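The file input-v5.cif comes next; it holds mmCIF, C-alpha atoms and all ligand atoms.
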data_run
#
loop_
_atom_site.group_PDB
_atom_site.id
_atom_site.type_symbol
_atom_site.label_atom_id
_atom_site.label_comp_id
_atom_site.auth_asym_id
_atom_site.auth_seq_id
_atom_site.Cartn_x
_atom_site.Cartn_y
_atom_site.Cartn_z
ATOM 1 C CA MET A 1 0.000 0.000 0.000
ATOM 2 C CA ARG A 2 1.384 3.313 -1.043
ATOM 3 C CA VAL A 3 0.817 6.343 1.162
ATOM 4 C CA LEU A 4 1.727 9.999 0.726
ATOM 5 C CA VAL A 5 2.444 11.885 3.951
ATOM 6 C CA VAL A 6 2.357 15.689 3.682
ATOM 7 C CA GLU A 7 3.671 17.095 6.963
ATOM 8 C CA ASP A 8 5.996 20.035 7.500
ATOM 9 C CA GLU A 9 7.265 19.010 10.943
ATOM 10 C CA VAL A 10 10.227 17.034 9.683
ATOM 11 C CA GLY A 11 10.705 15.016 12.887
ATOM 12 C CA LEU A 12 7.073 13.931 12.965
ATOM 13 C CA ALA A 13 7.064 13.211 9.228
ATOM 14 C CA GLN A 14 10.104 10.965 9.522
ATOM 15 C CA ALA A 15 8.712 9.169 12.571
ATOM 16 C CA LEU A 16 5.498 8.526 10.642
ATOM 17 C CA ARG A 17 7.429 7.178 7.691
ATOM 18 C CA ARG A 18 9.534 4.844 9.860
ATOM 19 C CA GLY A 19 6.435 3.535 11.595
ATOM 20 C CA LEU A 20 4.412 3.096 8.421
ATOM 21 C CA VAL A 21 7.272 1.389 6.567
ATOM 22 C CA ALA A 22 7.670 -1.008 9.515
ATOM 23 C CA ASP A 23 3.965 -1.777 9.131
ATOM 24 C CA GLY A 24 4.382 -2.627 5.452
ATOM 25 C CA PHE A 25 3.363 0.635 3.810
ATOM 26 C CA THR A 26 5.347 2.308 1.033
ATOM 27 C CA VAL A 27 5.685 5.953 2.009
ATOM 28 C CA ASP A 28 6.514 9.182 0.194
ATOM 29 C CA LEU A 29 7.071 12.335 2.232
ATOM 30 C CA MET A 30 6.384 15.908 1.224
ATOM 31 C CA HIS A 31 6.900 18.885 3.494
ATOM 32 C CA ASP A 32 4.747 21.622 2.044
ATOM 33 C CA GLY A 33 1.413 22.072 0.312
ATOM 34 C CA VAL A 34 2.671 22.730 -3.201
ATOM 35 C CA ASP A 35 4.907 19.647 -3.281
ATOM 36 C CA GLY A 36 2.176 17.596 -1.630
ATOM 37 C CA LEU A 37 -0.387 18.642 -4.227
ATOM 38 C CA TRP A 38 2.047 17.904 -7.039
ATOM 39 C CA ALA A 39 2.856 14.421 -5.733
ATOM 40 C CA ALA A 40 -0.793 13.580 -5.042
ATOM 41 C CA THR A 41 -1.755 14.648 -8.548
ATOM 42 C CA GLU A 42 1.115 12.928 -10.359
ATOM 43 C CA GLN A 43 1.367 9.633 -8.471
ATOM 44 C CA PRO A 44 -1.230 7.018 -7.617
ATOM 45 C CA TYR A 45 -1.585 6.571 -3.833
ATOM 46 C CA ASP A 46 -3.879 4.388 -1.795
ATOM 47 C CA ALA A 47 -4.227 7.129 0.799
ATOM 48 C CA ILE A 48 -2.884 10.566 1.718
ATOM 49 C CA VAL A 49 -2.068 11.762 5.227
ATOM 50 C CA LEU A 50 -2.438 15.523 4.979
ATOM 51 C CA ASP A 51 -1.474 17.966 7.687
ATOM 52 C CA LEU A 52 -3.757 20.999 7.975
ATOM 53 C CA MET A 53 -1.161 23.652 8.791
ATOM 54 C CA LEU A 54 1.390 23.588 5.987
ATOM 55 C CA PRO A 55 3.596 26.157 4.301
ATOM 56 C CA SER A 56 2.719 27.471 0.823
ATOM 57 C CA LEU A 57 -0.727 25.819 0.582
ATOM 58 C CA ASN A 58 -2.571 24.631 3.685
ATOM 59 C CA GLY A 59 -4.253 21.247 3.924
ATOM 60 C CA PHE A 60 -7.675 22.610 3.000
ATOM 61 C CA GLN A 61 -6.306 24.239 -0.116
ATOM 62 C CA VAL A 62 -4.468 21.085 -1.126
ATOM 63 C CA LEU A 63 -7.586 18.967 -0.623
ATOM 64 C CA GLU A 64 -9.782 21.417 -2.476
ATOM 65 C CA ALA A 65 -7.356 21.545 -5.401
ATOM 66 C CA LEU A 66 -7.144 17.746 -5.489
ATOM 67 C CA ARG A 67 -10.910 17.269 -5.614
ATOM 68 C CA ASP A 68 -11.111 20.045 -8.185
ATOM 69 C CA ARG A 69 -8.719 18.006 -10.330
ATOM 70 C CA GLU A 70 -10.922 14.971 -9.753
ATOM 71 C CA VAL A 71 -8.325 13.146 -7.674
ATOM 72 C CA TRP A 72 -10.408 11.064 -5.278
ATOM 73 C CA THR A 73 -7.629 9.392 -3.268
ATOM 74 C CA PRO A 74 -8.845 8.990 0.345
ATOM 75 C CA VAL A 75 -7.459 11.747 2.570
ATOM 76 C CA LEU A 76 -6.864 11.528 6.306
ATOM 77 C CA MET A 77 -6.404 15.042 7.605
ATOM 78 C CA LEU A 78 -4.283 15.888 10.641
ATOM 79 C CA THR A 79 -5.781 18.789 12.597
ATOM 80 C CA ALA A 80 -4.110 20.664 15.394
ATOM 81 C CA THR A 81 -6.744 21.216 18.051
ATOM 82 C CA GLU A 82 -9.832 19.504 19.346
ATOM 83 C CA GLY A 83 -13.207 21.163 19.195
ATOM 84 C CA THR A 84 -12.665 23.698 16.455
ATOM 85 C CA VAL A 85 -14.696 24.149 13.327
ATOM 86 C CA THR A 86 -11.849 22.747 11.279
ATOM 87 C CA GLN A 87 -12.975 19.140 11.796
ATOM 88 C CA ALA A 88 -16.410 19.815 10.360
ATOM 89 C CA ASP A 89 -14.745 21.819 7.615
ATOM 90 C CA ALA A 90 -12.416 18.913 6.828
ATOM 91 C CA PHE A 91 -15.392 16.656 6.144
ATOM 92 C CA ASP A 92 -17.195 19.423 4.358
ATOM 93 C CA ILE A 93 -14.519 19.837 1.736
ATOM 94 C CA GLY A 94 -14.088 16.137 1.269
ATOM 95 C CA ALA A 95 -11.584 14.723 3.756
ATOM 96 C CA ASP A 96 -12.470 11.109 4.447
ATOM 97 C CA ASP A 97 -11.257 11.079 8.026
ATOM 98 C CA TYR A 98 -9.249 13.187 10.432
ATOM 99 C CA LEU A 99 -7.040 12.790 13.467
ATOM 100 C CA THR A 100 -6.362 15.441 16.048
ATOM 101 C CA LYS A 101 -2.736 15.914 17.054
ATOM 102 C CA PRO A 102 -1.242 14.496 19.165
ATOM 103 C CA PHE A 103 -2.486 11.024 18.211
ATOM 104 C CA GLU A 104 -1.464 7.442 18.882
ATOM 105 C CA PHE A 105 0.449 5.974 15.978
ATOM 106 C CA VAL A 106 -1.587 2.741 16.120
ATOM 107 C CA LEU A 107 -4.716 4.812 15.640
ATOM 108 C CA LEU A 108 -3.280 6.365 12.493
ATOM 109 C CA VAL A 109 -2.482 2.917 11.092
ATOM 110 C CA ALA A 110 -5.961 1.611 11.932
ATOM 111 C CA ARG A 111 -7.617 4.604 10.254
ATOM 112 C CA LEU A 112 -5.398 4.295 7.190
ATOM 113 C CA ARG A 113 -6.211 0.622 6.801
ATOM 114 C CA ALA A 114 -9.925 1.387 7.122
ATOM 115 C CA LEU A 115 -9.647 4.129 4.503
ATOM 116 C CA THR A 116 -7.788 2.012 1.996
ATOM 117 C CA ARG A 117 -10.275 -0.832 2.491
ATOM 118 C CA ARG A 118 -13.065 1.584 1.647
ATOM 119 C CA GLY A 119 -11.195 2.524 -1.512
ATOM 120 C CA THR A 120 -11.374 5.657 -3.525
ATOM 121 C CA SER A 121 -13.273 8.452 -1.931
ATOM 122 C CA THR A 122 -16.640 8.985 -3.513
ATOM 123 C CA ARG A 123 -17.359 12.370 -4.800
ATOM 124 C CA PRO A 124 -20.069 14.116 -2.762
ATOM 125 C CA ALA A 125 -23.422 14.234 -4.475
ATOM 126 C CA VAL A 126 -24.156 17.185 -6.672
ATOM 127 C CA LEU A 127 -27.184 19.178 -5.467
ATOM 128 C CA ARG A 128 -29.789 20.476 -7.868
ATOM 129 C CA ALA A 129 -33.070 22.275 -8.283
ATOM 130 C CA GLY A 130 -34.028 22.072 -11.934
ATOM 131 C CA SER A 131 -31.280 23.598 -14.040
ATOM 132 C CA LEU A 132 -29.533 25.070 -10.983
ATOM 133 C CA VAL A 133 -26.645 22.821 -9.934
ATOM 134 C CA LEU A 134 -24.287 23.124 -6.963
ATOM 135 C CA ASP A 135 -21.261 20.855 -6.785
ATOM 136 C CA PRO A 136 -19.938 20.790 -3.189
ATOM 137 C CA ALA A 137 -16.716 19.011 -4.125
ATOM 138 C CA ARG A 138 -15.710 21.515 -6.765
ATOM 139 C CA ARG A 139 -17.264 24.527 -5.023
ATOM 140 C CA ARG A 140 -19.067 25.281 -8.223
ATOM 141 C CA VAL A 141 -22.527 26.612 -9.075
ATOM 142 C CA MET A 142 -24.091 26.507 -12.511
ATOM 143 C CA ARG A 143 -27.411 27.472 -14.080
ATOM 144 C CA GLY A 144 -27.552 25.272 -17.147
ATOM 145 C CA ASP A 145 -24.180 25.774 -18.822
ATOM 146 C CA VAL A 146 -23.490 29.117 -17.160
ATOM 147 C CA ASP A 147 -20.948 29.264 -14.324
ATOM 148 C CA ILE A 148 -22.101 31.461 -11.465
ATOM 149 C CA SER A 149 -19.599 33.063 -9.143
ATOM 150 C CA LEU A 150 -20.748 33.226 -5.508
ATOM 151 C CA THR A 151 -19.054 34.463 -2.356
ATOM 152 C CA PRO A 152 -18.396 31.757 0.283
ATOM 153 C CA ARG A 153 -21.378 33.002 2.326
ATOM 154 C CA GLU A 154 -23.727 33.043 -0.657
ATOM 155 C CA PHE A 155 -22.512 29.563 -1.541
ATOM 156 C CA ALA A 156 -23.231 28.343 1.981
ATOM 157 C CA VAL A 157 -26.770 29.789 1.986
ATOM 158 C CA LEU A 158 -27.521 28.247 -1.402
ATOM 159 C CA GLU A 159 -26.062 24.895 -0.359
ATOM 160 C CA PHE A 160 -28.245 24.867 2.763
ATOM 161 C CA LEU A 161 -31.375 25.671 0.720
ATOM 162 C CA LEU A 162 -30.517 22.943 -1.796
ATOM 163 C CA ARG A 163 -29.850 20.353 0.915
ATOM 164 C CA ASN A 164 -33.435 21.038 1.943
ATOM 165 C CA CYS A 165 -34.757 21.266 -1.595
ATOM 166 C CA GLU A 166 -38.561 21.617 -1.758
ATOM 167 C CA ASP A 167 -38.739 22.107 2.035
ATOM 168 C CA VAL A 168 -39.344 25.390 3.767
ATOM 169 C CA VAL A 169 -36.434 26.560 5.917
ATOM 170 C CA SER A 170 -36.774 29.403 8.386
ATOM 171 C CA LYS A 171 -34.471 32.369 8.694
ATOM 172 C CA SER A 172 -33.240 31.103 12.033
ATOM 173 C CA GLN A 173 -32.398 27.691 10.548
ATOM 174 C CA ILE A 174 -30.382 29.413 7.854
ATOM 175 C CA MET A 175 -28.680 31.599 10.472
ATOM 176 C CA GLN A 176 -27.770 28.601 12.615
ATOM 177 C CA ASN A 177 -26.386 26.631 9.718
ATOM 178 C CA VAL A 178 -24.558 29.281 7.795
ATOM 179 C CA TRP A 179 -23.489 31.905 10.304
ATOM 180 C CA ASP A 180 -21.361 31.287 13.336
ATOM 181 C CA GLU A 181 -23.515 30.098 16.225
ATOM 182 C CA HIS A 182 -22.334 33.092 18.230
ATOM 183 C CA PHE A 183 -23.359 35.531 15.531
ATOM 184 C CA ASP A 184 -25.807 37.853 17.241
ATOM 185 C CA GLY A 185 -26.456 40.249 14.378
ATOM 186 C CA ASP A 186 -29.760 41.010 12.771
ATOM 187 C CA ALA A 187 -31.641 38.058 11.249
ATOM 188 C CA ASN A 188 -32.410 40.385 8.330
ATOM 189 C CA ILE A 189 -28.930 39.522 7.080
ATOM 190 C CA VAL A 190 -30.599 36.361 5.716
ATOM 191 C CA GLU A 191 -32.953 38.467 3.590
ATOM 192 C CA VAL A 192 -29.986 40.390 2.275
ATOM 193 C CA TYR A 193 -28.260 37.182 1.190
ATOM 194 C CA ILE A 194 -31.426 35.759 -0.339
ATOM 195 C CA ARG A 195 -31.605 38.932 -2.405
ATOM 196 C CA TYR A 196 -27.967 38.572 -3.488
ATOM 197 C CA LEU A 197 -28.607 34.964 -4.479
ATOM 198 C CA ARG A 198 -31.708 35.791 -6.498
ATOM 199 C CA LYS A 199 -29.744 38.407 -8.389
ATOM 200 C CA LYS A 200 -27.201 35.770 -9.331
ATOM 201 C CA VAL A 201 -29.045 32.474 -9.773
ATOM 202 C CA ASP A 202 -32.634 33.461 -10.641
ATOM 203 C CA ILE A 203 -33.273 36.931 -11.996
ATOM 204 C CA PRO A 204 -30.747 36.887 -14.881
ATOM 205 C CA PHE A 205 -32.304 33.611 -16.022
ATOM 206 C CA GLY A 206 -35.942 34.639 -15.580
ATOM 207 C CA ARG A 207 -36.403 32.078 -12.811
ATOM 208 C CA HIS A 208 -38.040 32.056 -9.379
ATOM 209 C CA SER A 209 -36.468 29.013 -7.817
ATOM 210 C CA ILE A 210 -35.923 30.730 -4.442
ATOM 211 C CA GLN A 211 -39.353 31.396 -3.025
ATOM 212 C CA THR A 212 -40.473 33.368 -0.004
ATOM 213 C CA VAL A 213 -43.023 31.473 2.043
ATOM 214 C CA ARG A 214 -44.688 34.240 3.950
ATOM 215 C CA GLY A 215 -44.260 34.100 7.699
ATOM 216 C CA MET A 216 -42.261 30.870 7.471
ATOM 217 C CA GLY A 217 -39.062 31.315 5.504
ATOM 218 C CA TYR A 218 -37.712 30.258 2.168
ATOM 219 C CA ARG A 219 -37.863 27.310 -0.140
ATOM 220 C CA ILE A 220 -35.837 26.430 -3.179
ATOM 221 C CA SER A 221 -37.478 24.207 -5.734
ATOM 222 C CA ASP A 222 -37.399 23.101 -9.313
ATOM 223 C CA GLU A 223 -40.112 25.577 -10.220
ATOM 224 C CA VAL A 224 -40.554 24.098 -13.685
ATOM 225 C CA ALA A 225 -41.547 20.777 -12.170
ATOM 226 C CA ARG A 226 -44.039 22.385 -9.813
ATOM 227 C CA ARG A 227 -47.705 22.331 -10.749
ATOM 228 C CA PRO A 228 -48.832 25.517 -12.388
ATOM 229 C CA GLY A 229 -50.906 27.344 -9.825
ATOM 230 C CA ALA A 230 -49.294 25.565 -6.868
ATOM 231 C CA ARG A 231 -49.860 27.939 -4.019
ATOM 232 C CA SER A 232 -46.850 29.735 -2.665
ATOM 233 C CA SER A 233 -45.707 33.292 -2.507
ATOM 234 C CA THR A 234 -42.994 33.631 -5.061
ATOM 235 C CA GLY A 235 -42.490 37.367 -4.780
ATOM 236 C CA ALA A 236 -39.004 38.453 -5.706
ATOM 237 C CA GLN A 237 -38.841 40.696 -2.649
ATOM 238 C CA GLY A 238 -37.177 39.030 0.303
HETATM 239 CA CA CA A 301 2.069 21.529 10.296
#

Would you put the structure from the file into structure tokens?
Ligand code: CA
Amino acid sequence: MRVLVVEDEVGLAQALRRGLVADGFTVDLMHDGVDGLWAATEQPYDAIVLDLMLPSLNGFQVLEALRDREVWTPVLMLTATEGTVTQADAFDIGADDYLTKPFEFVLLVARLRALTRRGTSTRPAVLRAGSLVLDPARRRVMRGDVDISLTPREFAVLEFLLRNCEDVVSKSQIMQNVWDEHFDGDANIVEVYIRYLRKKVDIPFGRHSIQTVRGMGYRISDEVARRPGARSSTGAQG
């Protein structure tokens, strides 16, 4: 089994290599993000151990670039601290597993074996509502053949709506899922973002996929597939 370890702490990287080689793995080491990305793109590996904090490109950037290039090698991410958002983020952008430093070496080996048994990482499902498509792995949004450029926050709001496609979600649900849980600003920020999204994904295309459900929240749907005359408030005002 061939494993790429991308870790900038040279002592730790070498200890990992020694241990993994002793356990029968073939190991390549890279010490920064750019070299790691290059190796992971050019060589076939059964798994990649990817440190989060790296020089030149960090682990998230490496992983994002890999998935963007359609490299689906399973990735085990090494994160620095327990209890931060980075673990959720690691899964969100397509890491297959993570370990928090410091970790037991045997645990790393067990996780690696589990990952390689599972095989190539599957690409997360593409989300759609009619001709509107959001690809979480490639961080890409399209209406038909047209690429739409969204800010990270707009992307997150749209992704949340699409994960609940055809269901009504309230402003507070959107707030809780997209904004930091400690965000105590005005809930009207949601309306502002809904307006931004409509200007990008609906209005230029003559669509009304993001609907306001009065007094309840918002719903995204494949409006073409909906029955004509289906009752909902589809006003373009947030
Ligand atoms: Ca590091």

Margin query: I need the residue nearest Leu150 in chain A from this list: A:Gly94, A:Lys200, A:Ser170, A:Pro136. Use all atoms listed in the file for the distance.
Written below: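 Distance minimum relative to Leu150 in chain A lands on A:Lys200.
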
Next item on the list: State, in Å with one decimal place, the distance from CA of Glu166 in chain A to CA of Arg214 in chain A.
Entry: 15.1 Å

Checklist line | At most 7 Å from ligand CA 301 (chain A) (only C-alpha atoms and all ligand atoms): residue list as a VMD selection string | finding: chain A and resid 7 to 9 51 to 54

Margin query: With distances taken over all atoms listed in the file, which residue among A:Tyr193, A:Phe205, A:Tyr45, A:Trp179 lies nearest Ser131 in chain A?
Written below: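 Checking each of A:Tyr193, A:Phe205, A:Tyr45, A:Trp179 against Ser131 in chain A, counting all atoms listed in the file, the winner is A:Phe205.
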
Notebook entry, point to check: With only C-alpha atoms as the basis for distance, which of A:Arg198, A:Phe160, A:Arg207, A:Asn177 is at the shortest distance from Gly144 in chain A?
Noted result: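 Of all the options, A:Arg207 lies closest to Gly144 in chain A.
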
Next item on the list: Name the residues that the PyMOL selection byres (((chain A and resi 56) around 12) and not hetatm) picks from the file above, as number ranges by chain, using the file's chain letters and numbers.
Entry: A: 8, 31-37, 52-55, 57-62

Next item on the list: For CA of Ala95 in chain A and CA of Val75 in chain A, quote the distance in Å rounded to one decimal.
Entry: 5.2 Å

Spell out the residues picked by the PyMOL selection byres (((chain A and resi 1) around 9) and not hetatm) here, as a CSV table (one decimal) with C-alpha atoms, keeping the file's coordinate frame.
chain,number,residue,atom,x,y,z
A,2,ARG,CA,1.4,3.3,-1.0
A,3,VAL,CA,0.8,6.3,1.2
A,24,GLY,CA,4.4,-2.6,5.5
A,25,PHE,CA,3.4,0.6,3.8
A,26,THR,CA,5.3,2.3,1.0
A,27,VAL,CA,5.7,6.0,2.0
A,45,TYR,CA,-1.6,6.6,-3.8
A,46,ASP,CA,-3.9,4.4,-1.8
A,47,ALA,CA,-4.2,7.1,0.8
A,116,THR,CA,-7.8,2.0,2.0

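Taking CA of Glu191 in chain A as the reference point, CA of Gly206 in chain A is found at 19.8 Å.
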
Note to self: Given the PyMOL selection byres (((chain A and resi 68) around 12) and not hetatm) and the file above, list the residues it selects as number ranges by chain.
What the structure shows: A: 37, 41, 60-67, 69-72, 93-94, 123, 135-140

Item checked: Residue neighbourhood Lys171 in chain A, 8 Å, all atoms listed in the file, exclusion window fewer than 4 positions, as a VMD selection string -> chain A and resid 175 187 190 217 to 218

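When all atoms listed in the file are used to measure the gap to Pro74 in chain A, the shortest distance among A:Leu115, A:Val21, A:Val178, A:Leu107 belongs to A:Leu115.
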
Checklist line | From A:Val106, A:Leu127, A:Val213, A:Leu112, residue lying nearest Asp167 in chain A [all atoms listed in the file] | finding: A:Val213

Once you add 3 Å to each side, what are the centre and edge lengths of the axis-aligned box holding all listed atoms of range 206-213 of chain A? One decimal in Å, as JSON, if you can.
{"center_x": -39.5, "center_y": 31.8, "center_z": -6.8, "size_x": 13.1, "size_y": 11.6, "size_z": 23.6}

Item checked: Shortest interatomic distance to Asn188 in chain A - which of A:Leu4, A:Ile174, A:Ala40, A:Leu50, counting only C-alpha atoms ->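 For Asn188 in chain A, the nearest of the given residues is A:Ile174.
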
Notebook entry, point to check: Can you tell me, as a list in words, what residues are no more than 10 Å from Val168 in chain A when counting only C-alpha atoms, ignoring any on the same chain fewer than 6 positions away?
Noted result: Leu161, Gln211, Thr212, Val213, Met216, Gly217, Tyr218, Arg219, Ile220 and Ser221 of chain A
